[in-house]
>>> print(open('my_file.csv').read())   # CSV, C-alpha atoms and all ligand atoms
chain,number,residue,atom,x,y,z
A,24,MET,CA,-13.3,-39.2,48.5
A,25,LEU,CA,-15.1,-36.8,46.1
A,26,HIS,CA,-13.3,-33.6,45.4
A,27,LEU,CA,-16.3,-31.4,46.2
A,28,PHE,CA,-14.6,-28.2,47.0
A,29,ASP,CA,-11.0,-28.0,45.9
A,30,ARG,CA,-11.7,-26.3,42.6
A,31,ARG,CA,-12.4,-22.6,42.0
A,32,VAL,CA,-16.0,-23.1,40.6
A,33,ALA,CA,-18.8,-25.4,41.6
A,34,LEU,CA,-21.9,-25.3,39.3
A,35,VAL,CA,-24.8,-26.9,41.1
A,36,THR,CA,-27.2,-28.1,38.3
A,37,GLY,CA,-30.2,-30.3,37.8
A,38,LYS,CA,-33.9,-30.2,37.0
A,39,GLY,CA,-36.5,-28.3,39.0
A,40,GLY,CA,-37.2,-29.2,42.6
A,41,VAL,CA,-34.5,-31.8,43.1
A,42,GLY,CA,-32.6,-29.9,45.8
A,43,ARG,CA,-30.1,-27.7,43.9
A,44,THR,CA,-30.6,-24.7,46.3
A,45,THR,CA,-30.4,-26.9,49.5
A,46,LEU,CA,-27.2,-28.6,48.2
A,47,SER,CA,-25.6,-25.4,47.1
A,48,ALA,CA,-26.1,-24.0,50.5
A,49,GLY,CA,-24.9,-27.2,52.1
A,50,LEU,CA,-21.8,-27.3,49.9
A,51,ALA,CA,-21.0,-23.7,50.8
A,52,LEU,CA,-21.3,-24.4,54.5
A,53,ALA,CA,-19.2,-27.6,54.2
A,54,ALA,CA,-16.4,-25.8,52.3
A,55,ALA,CA,-16.3,-22.8,54.6
A,56,ALA,CA,-16.3,-25.1,57.7
A,57,SER,CA,-13.3,-26.9,56.0
A,58,GLY,CA,-11.4,-23.6,55.8
A,59,LYS,CA,-12.2,-22.4,52.3
A,60,ARG,CA,-13.1,-18.8,51.6
A,61,VAL,CA,-16.5,-19.4,49.9
A,62,LEU,CA,-18.8,-17.2,47.8
A,63,LEU,CA,-22.3,-18.7,47.4
A,64,THR,CA,-24.2,-17.2,44.4
A,65,GLU,CA,-27.4,-17.4,42.5
A,66,ILE,CA,-28.5,-15.8,39.3
A,67,GLY,CA,-30.5,-12.6,39.9
A,68,GLU,CA,-34.1,-12.2,38.7
A,69,PRO,CA,-35.1,-8.5,38.2
A,70,ASP,CA,-38.5,-8.8,39.9
A,71,GLY,CA,-37.6,-11.2,42.7
A,72,ASP,CA,-38.5,-9.8,46.1
A,73,TYR,CA,-37.2,-12.9,47.9
A,74,THR,CA,-35.3,-16.0,47.0
A,75,PRO,CA,-35.2,-19.5,48.6
A,76,LEU,CA,-31.4,-19.3,48.8
A,77,ALA,CA,-31.4,-16.0,50.6
A,78,ARG,CA,-34.1,-17.3,53.0
A,79,MET,CA,-31.9,-20.1,54.1
A,80,PHE,CA,-29.6,-17.5,55.5
A,81,GLY,CA,-32.2,-15.4,57.1
A,82,ARG,CA,-32.5,-12.7,54.3
A,83,ASP,CA,-35.0,-11.9,51.6
A,84,THR,CA,-32.5,-11.4,48.8
A,85,LEU,CA,-28.8,-11.3,48.3
A,86,PRO,CA,-27.0,-8.1,47.1
A,87,ALA,CA,-24.8,-8.0,44.1
A,88,ASP,CA,-21.8,-7.2,46.2
A,89,PRO,CA,-20.7,-10.1,48.5
A,90,VAL,CA,-21.9,-10.0,52.1
A,91,HIS,CA,-21.2,-12.3,55.0
A,92,LEU,CA,-23.7,-15.1,55.5
A,93,ARG,CA,-24.5,-16.5,58.9
A,94,ALA,CA,-24.2,-20.2,59.4
A,95,PRO,CA,-26.3,-22.6,61.6
A,96,LYS,CA,-24.9,-22.4,65.1
A,97,ASP,CA,-23.3,-25.8,65.2
A,98,LEU,CA,-21.1,-25.1,62.2
A,99,ASP,CA,-17.9,-23.0,62.6
A,100,VAL,CA,-17.4,-21.1,59.3
A,101,GLY,CA,-15.6,-18.1,60.8
A,102,ASP,CA,-15.8,-15.2,58.5
A,103,ARG,CA,-15.3,-17.4,55.4
A,104,LEU,CA,-18.8,-17.6,54.1
A,105,HIS,CA,-20.1,-14.9,51.7
A,106,GLY,CA,-23.1,-14.7,49.4
A,107,CYS,CA,-24.2,-12.5,46.5
A,108,VAL,CA,-26.5,-12.5,43.5
A,109,LEU,CA,-25.1,-12.6,40.0
A,110,TRP,CA,-26.4,-9.6,38.0
A,111,PRO,CA,-26.0,-9.3,34.3
A,112,ARG,CA,-25.8,-5.5,34.8
A,113,ASN,CA,-22.7,-5.8,37.1
A,114,GLY,CA,-21.0,-7.9,34.5
A,115,HIS,CA,-21.8,-5.5,31.7
A,116,GLU,CA,-20.5,-2.6,33.7
A,117,ALA,CA,-17.3,-4.5,34.7
A,118,PHE,CA,-16.8,-5.4,31.1
A,119,PHE,CA,-17.3,-1.9,29.8
A,120,ARG,CA,-14.8,-0.7,32.3
A,121,THR,CA,-12.2,-2.9,30.7
A,122,VAL,CA,-12.9,-1.5,27.2
A,123,ILE,CA,-13.8,2.1,28.0
A,124,PRO,CA,-10.9,3.7,30.0
A,125,VAL,CA,-13.0,6.6,31.3
A,126,GLY,CA,-15.2,5.6,34.3
A,127,ALA,CA,-17.5,8.5,33.8
A,128,VAL,CA,-18.3,7.4,30.3
A,129,VAL,CA,-19.1,3.9,31.5
A,130,LYS,CA,-21.4,5.3,34.2
A,131,ALA,CA,-23.2,7.5,31.6
A,132,ALA,CA,-23.5,4.5,29.2
A,133,MET,CA,-24.9,2.3,31.9
A,134,GLY,CA,-27.5,5.0,32.7
A,135,SER,CA,-28.8,4.9,29.1
A,136,SER,CA,-32.1,3.2,28.7
A,137,ALA,CA,-31.5,2.4,25.0
A,138,LEU,CA,-28.3,0.5,26.0
A,139,HIS,CA,-30.2,-1.3,28.8
A,140,LYS,CA,-32.9,-2.4,26.2
A,141,LEU,CA,-30.2,-3.7,24.0
A,142,LEU,CA,-28.4,-5.6,26.8
A,143,ASP,CA,-31.6,-7.0,28.1
A,144,THR,CA,-33.0,-8.3,24.8
A,145,ALA,CA,-30.0,-9.1,22.5
A,146,PRO,CA,-29.4,-12.8,22.5
A,147,SER,CA,-26.7,-14.0,24.9
A,148,PHE,CA,-26.0,-10.6,26.4
A,149,ARG,CA,-27.8,-11.4,29.6
A,150,GLU,CA,-25.7,-14.6,29.9
A,151,MET,CA,-22.6,-12.7,29.0
A,152,GLY,CA,-23.2,-10.2,31.9
A,153,ILE,CA,-23.6,-13.1,34.3
A,154,PHE,CA,-20.5,-14.8,33.0
A,155,TYR,CA,-18.5,-11.7,33.4
A,156,HIS,CA,-19.8,-11.0,36.9
A,157,ILE,CA,-18.6,-14.5,38.0
A,158,PHE,CA,-15.3,-13.9,36.2
A,159,THR,CA,-14.7,-10.6,38.1
A,160,LEU,CA,-15.5,-12.3,41.4
A,161,LEU,CA,-13.1,-15.1,40.7
A,162,GLU,CA,-10.4,-12.6,39.9
A,163,ALA,CA,-11.0,-10.5,43.0
A,164,LYS,CA,-7.9,-10.3,45.3
A,165,LEU,CA,-7.3,-9.5,48.9
A,166,PRO,CA,-4.8,-6.8,49.8
A,167,ASP,CA,-2.1,-9.5,50.2
A,168,GLY,CA,-2.6,-10.6,46.6
A,169,SER,CA,-4.4,-13.9,47.4
A,170,ASP,CA,-7.7,-14.7,45.9
A,171,ARG,CA,-10.6,-13.2,47.8
A,172,PHE,CA,-12.6,-16.4,47.3
A,173,ASP,CA,-11.2,-19.9,47.0
A,174,LEU,CA,-14.4,-21.2,45.7
A,175,VAL,CA,-17.4,-19.7,44.0
A,176,ILE,CA,-20.6,-21.9,44.1
A,177,VAL,CA,-23.4,-21.2,41.7
A,178,ASP,CA,-26.9,-22.3,42.4
A,179,MET,CA,-27.7,-22.7,38.7
A,180,PRO,CA,-31.1,-22.3,37.1
A,181,ALA,CA,-33.0,-25.5,36.0
A,182,SER,CA,-31.3,-27.6,33.3
A,183,GLY,CA,-32.1,-25.8,30.0
A,184,HIS,CA,-30.8,-22.4,31.2
A,185,THR,CA,-27.7,-24.1,32.6
A,186,LEU,CA,-26.6,-25.1,29.2
A,187,GLY,CA,-27.4,-21.5,27.9
A,188,LEU,CA,-24.8,-20.3,30.3
A,189,THR,CA,-22.2,-23.0,30.0
A,190,GLY,CA,-22.4,-22.9,26.2
A,191,LEU,CA,-22.0,-19.1,26.1
A,192,PRO,CA,-18.2,-18.7,25.4
A,193,GLU,CA,-18.3,-21.0,22.4
A,194,ARG,CA,-21.4,-19.3,21.0
A,195,LEU,CA,-20.0,-15.8,21.4
A,196,LEU,CA,-16.6,-16.8,20.0
A,197,ALA,CA,-18.3,-18.3,16.9
A,198,LEU,CA,-20.2,-15.0,16.4
A,199,MET,CA,-17.4,-12.7,17.3
A,200,PRO,CA,-14.0,-14.4,16.9
A,201,THR,CA,-12.0,-11.3,17.6
A,202,GLY,CA,-12.4,-8.0,19.5
A,203,PRO,CA,-12.9,-7.2,23.2
A,204,ILE,CA,-15.8,-9.7,23.8
A,205,ALA,CA,-13.7,-12.5,22.3
A,206,GLU,CA,-10.8,-11.6,24.5
A,207,ALA,CA,-13.0,-11.6,27.6
A,208,MET,CA,-14.4,-15.0,26.6
A,209,HIS,CA,-10.9,-16.4,26.1
A,210,LYS,CA,-9.8,-15.1,29.5
A,211,GLY,CA,-12.9,-16.4,31.4
A,212,ARG,CA,-13.4,-19.7,29.6
A,213,PRO,CA,-10.9,-21.8,31.5
A,214,TYR,CA,-12.8,-21.1,34.7
A,215,PHE,CA,-15.7,-23.1,33.2
A,216,THR,CA,-13.9,-25.7,31.1
A,217,ASP,CA,-10.7,-26.7,32.9
A,218,PRO,CA,-11.4,-29.7,35.1
A,219,GLU,CA,-8.8,-28.4,37.5
A,220,LYS,CA,-10.7,-25.2,38.0
A,221,CYS,CA,-14.4,-26.1,37.6
A,222,ALA,CA,-16.9,-28.9,38.2
A,223,ALA,CA,-20.6,-29.1,37.6
A,224,TRP,CA,-22.5,-31.2,40.1
A,225,ILE,CA,-25.7,-32.7,38.8
A,226,VAL,CA,-28.3,-33.0,41.5
A,227,THR,CA,-31.0,-35.6,41.0
A,228,LEU,CA,-33.4,-37.9,42.8
A,229,PRO,CA,-33.4,-41.7,42.9
A,230,GLU,CA,-36.3,-42.1,40.4
A,231,VAL,CA,-36.3,-43.3,36.8
A,232,LEU,CA,-37.4,-40.0,35.2
A,233,PRO,CA,-35.0,-37.6,37.1
A,234,ILE,CA,-32.2,-40.0,36.5
A,235,THR,CA,-32.9,-40.1,32.7
A,236,GLU,CA,-33.0,-36.3,32.7
A,237,SER,CA,-29.7,-36.0,34.6
A,238,GLU,CA,-28.1,-38.3,32.0
A,239,GLU,CA,-29.3,-35.9,29.3
A,240,LEU,CA,-27.9,-33.0,31.2
A,241,LEU,CA,-24.6,-34.9,31.5
A,242,ASP,CA,-24.5,-35.1,27.6
A,243,GLY,CA,-25.4,-31.4,27.3
A,244,LEU,CA,-22.6,-30.4,29.7
A,245,ARG,CA,-20.1,-32.5,27.8
A,246,GLU,CA,-21.2,-30.8,24.5
A,247,THR,CA,-20.5,-27.4,26.1
A,248,ALA,CA,-17.1,-28.6,27.4
A,249,THR,CA,-18.2,-28.3,31.1
A,250,PRO,CA,-16.3,-30.7,33.3
A,251,VAL,CA,-18.7,-32.8,35.5
A,252,GLY,CA,-17.6,-33.6,39.1
A,253,GLY,CA,-20.4,-36.1,39.7
A,254,ILE,CA,-24.0,-36.8,40.4
A,255,LEU,CA,-25.4,-35.8,43.8
A,256,MET,CA,-28.2,-38.4,44.3
A,257,ASN,CA,-30.4,-36.5,46.7
A,258,ARG,CA,-33.2,-37.6,49.1
A,259,VAL,CA,-32.2,-41.3,49.0
A,260,LEU,CA,-34.6,-43.3,51.2
A,261,THR,CA,-32.8,-45.8,53.4
A,262,ASP,CA,-33.9,-49.3,52.9
A,263,PRO,CA,-34.5,-51.0,56.3
A,264,PHE,CA,-35.2,-54.4,54.7
A,265,THR,CA,-33.0,-57.3,53.6
A,266,GLU,CA,-33.7,-58.9,50.1
A,267,GLU,CA,-35.6,-61.7,51.8
A,268,GLU,CA,-37.6,-59.4,54.1
A,269,ARG,CA,-38.7,-57.4,51.1
A,270,ALA,CA,-39.7,-60.4,49.1
A,271,ALA,CA,-41.8,-61.6,52.1
A,272,LEU,CA,-43.4,-58.2,52.6
A,273,GLU,CA,-44.2,-57.4,49.0
A,274,PRO,CA,-47.3,-59.6,48.7
A,275,VAL,CA,-48.8,-58.8,52.1
A,276,LEU,CA,-48.2,-55.0,52.3
A,277,THR,CA,-51.0,-53.8,50.1
A,278,ASP,CA,-51.9,-50.2,49.4
A,279,ALA,CA,-54.5,-50.4,52.2
A,280,HIS,CA,-51.7,-50.5,54.7
A,281,PHE,CA,-50.1,-47.5,56.3
A,282,GLY,CA,-46.5,-47.3,55.1
A,283,HIS,CA,-47.3,-48.9,51.7
A,284,GLU,CA,-46.3,-45.8,49.7
A,285,ARG,CA,-43.0,-45.5,51.5
A,286,PHE,CA,-42.3,-49.2,51.0
A,287,VAL,CA,-43.0,-49.0,47.3
A,288,GLY,CA,-40.9,-45.8,47.1
A,289,VAL,CA,-37.9,-47.5,48.8
A,290,VAL,CA,-38.1,-50.5,46.5
A,291,SER,CA,-38.4,-48.5,43.3
A,292,SER,CA,-35.7,-46.0,44.4
A,293,THR,CA,-33.3,-48.9,45.3
A,294,ARG,CA,-33.9,-50.4,41.8
A,295,ALA,CA,-33.3,-47.1,40.0
A,296,LEU,CA,-30.1,-46.6,42.0
A,297,ASP,CA,-28.8,-50.1,41.4
A,298,ASP,CA,-29.5,-49.7,37.7
A,299,LEU,CA,-27.5,-46.4,37.6
A,300,GLU,CA,-24.7,-47.9,39.6
A,301,ALA,CA,-24.4,-50.7,37.1
A,302,ARG,CA,-24.1,-48.3,34.2
A,303,LYS,CA,-22.0,-45.5,35.8
A,304,ARG,CA,-18.7,-46.5,34.3
A,305,SER,CA,-20.0,-46.1,30.8
A,306,LEU,CA,-21.7,-42.7,31.4
A,307,ASP,CA,-20.3,-39.3,30.3
A,308,GLY,CA,-19.0,-40.6,27.0
A,309,GLY,CA,-17.3,-43.5,28.6
A,310,ARG,CA,-15.4,-41.5,31.2
A,311,GLY,CA,-17.6,-42.7,34.0
A,312,VAL,CA,-19.4,-40.7,36.7
A,313,GLU,CA,-19.0,-40.6,40.5
A,314,ILE,CA,-22.3,-40.8,42.4
A,315,LEU,CA,-22.7,-39.5,45.9
A,316,GLU,CA,-25.8,-40.5,47.8
A,317,ILE,CA,-27.4,-38.0,50.2
A,318,GLU,CA,-30.1,-39.4,52.4
A,319,GLU,CA,-33.6,-38.0,52.7
A,320,MET,CA,-33.4,-36.3,56.1
A,321,PRO,CA,-36.5,-35.7,58.3
A,322,LEU,CA,-35.3,-32.2,59.1
A,323,GLN,CA,-35.9,-28.6,58.1
A,324,ASP,CA,-34.3,-25.2,58.0
A,325,ASP,CA,-30.9,-24.9,59.9
A,326,ALA,CA,-31.0,-28.5,61.1
A,327,LEU,CA,-31.4,-29.7,57.5
A,328,LEU,CA,-28.6,-27.4,56.2
A,329,SER,CA,-26.3,-28.4,58.9
A,330,ALA,CA,-26.9,-32.2,58.5
A,331,ILE,CA,-26.4,-31.8,54.7
A,332,ALA,CA,-23.2,-29.8,55.2
A,333,ARG,CA,-21.8,-32.5,57.5
A,334,ARG,CA,-22.7,-35.2,55.0
A,335,LEU,CA,-20.9,-33.3,52.2
A,336,GLN,CA,-17.9,-32.5,54.4
A,337,GLU,CA,-17.3,-36.2,55.2
A,338,ALA,CA,-17.8,-37.1,51.6
A,339,GLY,CA,-15.5,-34.6,49.9
A,340,GLY,CA,-12.6,-33.2,51.7
A,341,ALA,CA,-9.7,-31.3,50.1
A,342,ARG,CA,-7.5,-33.0,47.6
B,401,LIG,N1,-31.8,-34.5,51.5
B,401,LIG,C1,-32.9,-33.9,51.8
B,401,LIG,N2,-33.7,-34.3,52.8
B,401,LIG,C2,-34.9,-33.7,53.1
B,401,LIG,N3,-35.4,-32.7,52.4
B,401,LIG,C3,-34.7,-32.2,51.4
B,401,LIG,C4,-33.4,-32.7,51.0
B,401,LIG,N4,-32.9,-32.0,50.0
B,401,LIG,C5,-33.9,-31.1,49.7
B,401,LIG,N5,-34.9,-31.2,50.5
B,401,LIG,C6,-36.2,-30.4,50.5
B,401,LIG,O1,-36.7,-30.4,49.1
B,401,LIG,C7,-37.3,-29.2,48.8
B,401,LIG,C8,-36.7,-28.7,47.4
B,401,LIG,O2,-35.4,-28.3,47.6
B,401,LIG,P1,-34.7,-27.1,46.9
B,401,LIG,O3,-35.5,-25.9,47.0
B,401,LIG,O4,-33.3,-27.1,47.4
B,401,LIG,O5,-34.8,-27.6,45.4
B,401,LIG,P2,-34.4,-26.8,44.0
B,401,LIG,O6,-33.8,-27.8,43.1
B,401,LIG,O7,-33.5,-25.7,44.4
B,401,LIG,O8,-35.8,-26.3,43.6
B,401,LIG,P3,-36.1,-25.1,42.5
B,401,LIG,O9,-36.2,-25.8,41.1
B,401,LIG,O10,-37.5,-24.7,42.9
B,401,LIG,O11,-35.1,-24.1,42.5
B,401,LIG,C9,-37.1,-28.2,49.9
B,401,LIG,O12,-38.2,-28.2,50.7
B,401,LIG,C10,-35.9,-28.9,50.7
B,401,LIG,O13,-36.0,-28.6,52.1
B,402,MG,MG,-33.7,-23.6,43.9
>>> encode(input="my_file.csv", output="structure tokens", more="lines below")
Ligand SMILES: Nc1ncnc2c1ncn2[C@@H]1O[C@H](COP(=O)(O)OP(=O)(O)OP(=O)(O)O)[C@@H](O)[C@H]1O
Ligand SMILES: [Mg+2]
Amino acid sequence: MLHLFDRRVALVTGKGGVGRTTLSAGLALAAAASGKRVLLTEIGEPDGDYTPLARMFGRDTLPADPVHLRAPKDLDVGDRLHGCVLWPRNGHEAFFRTVIPVGAVVKAAMGSSALHKLLDTAPSFREMGIFYHIFTLLEAKLPDGSDRFDLVIVDMPASGHTLGLTGLPERLLALMPTGPIAEAMHKGRPYFTDPEKCAAWIVTLPEVLPITESEELLDGLRETATPVGGILMNRVLTDPFTEEERAALEPVLTDAHFGHERFVGVVSSTRALDDLEARKRSLDGGRGVEILEIEEMPLQDDALLSAIARRLQEAGGAR
């Protein structure tokens, strides 16, 4: 059993095109179907007029304030699934509200174009805004005092930018060891570094290059003190052959045959996976890494989401 959704934060990471968005959405559906109050998020781009994540839920974009998301018909998520975009600006505003007691002054400051220019261009300020926006969502409470969201899932940007975000508290604390920003970083940091609260999930494909890149990401995450939940090995092709059948087929199935490409793909992906399995105990600085295989599914849209959600639900129930 992988503990896929019993922490407060799930960071879905990995290189471009491996399935981060699909698995973030699948994870959100699986967790909500399992009874968790879930907030599914992505990092906002100022000029985006639609995002693939929003499209999966029948919208063009997500707003910065959480809204209900609809699930595929065959999944019962009740009213437990929400989505929003993470905006640096929302985080900046929430942060200023904690240091400037007069709301009207914050509003005026946030309307100043000089301040916007500074916040948009100064190094790490954008990340700080995103960080603080997630933090405020994690701290949000329902009227009865319980957490508004049990789990916040972040569809992270491709690898390099992920480390920019996860390394932020350390970087800012080195620059500004005291003061209100340092205080905010100290408060928010455990949500991203405590293995009881947070896990990063590295999505990858069963091929040599993506696997190598995910091992580099594993090292980068460790350097930024981000706990890793495991590797989500996506789009695994099922191998219909036994060892003997494969050996018999290899010499006769040439590239002139229909199905050759798929056959070669299955063989090389099986080898890449076996190799990773053999080394997994020594990865992550000797701590070892869990690997969850998710099959290549001949499906699209809601049918794909729903099948992935079911796969994740059976693989990772509550602790
Ligand atoms: N297990 C799967 N089976 C079949 N198709 C899949 C599976 N996982 C993802 N896909 C497909 O792969 C494509 C890429 O997936 P997705 O957009 O989630 O990747 P991404 O990592 O978010 O990409 P980007 O770097 O562009 O953000 C999509 O067309 C998606 O439907
Ligand atoms: Mg994506």
>>> residues_near_ligand(input="my_file.csv", ligand="ligand MG 402 (chain B)", cutoff="10 Å", atoms="all atoms listed in the file", output="list in words")
Val35, Thr36, Gly37, Lys38, Gly39, Gly40, Val41, Gly42, Arg43, Thr44, Thr45, Leu46, Ser47, Glu65, Thr74, Pro75, Leu76, Asp178, Met179, Pro180 and Ala181 of chain A
>>> atom_distance(input="my_file.csv", atom1="CA of Glu319 in chain A", atom2="CA of Gly81 in chain A")
23.1 Å
>>> residues_around(input="my_file.csv", residues="range 296-310 of chain A", least_positions_apart="4", cutoff="9 Å", atoms="only C-alpha atoms", output="NGL selection string")
:A and (229-231 or 234 or 238 or 241-242 or 245 or 251 or 256 or 291-292 or 314)
>>> residues_around(input="my_file.csv", residues="Tyr214 in chain A", least_positions_apart="6", cutoff="10 Å", atoms="only C-alpha atoms", output="PyMOL selection string")
chain A and resi 30-32+157-158+161+220-222+249
>>> closest_residue(input="my_file.csv", among="A:Phe281, A:Phe28, A:Phe148, A:Trp224", to="Val61 in chain A", atoms="all atoms listed in the file")
A:Phe28
>>> axis_aligned_box(input="my_file.csv", around="ligand LIG 401 (chain B)", padding_each_side="8 Å", output="lines of an AutoDock Vina configuration file")
center_x = -35.0
center_y = -29.3
center_z = 47.1
size_x = 22.4
size_y = 26.4
size_z = 28.0
>>> residues_around(input="my_file.csv", residues="Gly253 in chain A", least_positions_apart="4", cutoff="8 Å", atoms="all atoms listed in the file", output="list in words")
Ala223, Trp224, Ile225, Val312, Glu313, Ile314 and Leu315 of chain A
>>> atom_distance(input="my_file.csv", atom1="CA of Asp167 in chain A", atom2="CA of Ala87 in chain A")
23.6 Å
>>> closest_residue(input="my_file.csv", among="A:Ala53, A:Leu327, A:Met320, A:Val122", to="ligand LIG 401 (chain B)", atoms="all atoms listed in the file")
A:Met320
>>> atom_distance(input="my_file.csv", atom1="CA of Thr216 in chain A", atom2="CA of Thr64 in chain A")
18.8 Å
>>> closest_residue(input="my_file.csv", among="A:His115, A:Leu188, A:Ser57, A:His105", to="Gly134 in chain A", atoms="all atoms listed in the file")
A:His115
>>> closest_residue(input="my_file.csv", among="A:Ala279, A:Leu27, A:Ile66, A:Ala163", to="ligand LIG 401 (chain B)", atoms="only C-alpha atoms and all ligand atoms")
A:Ile66
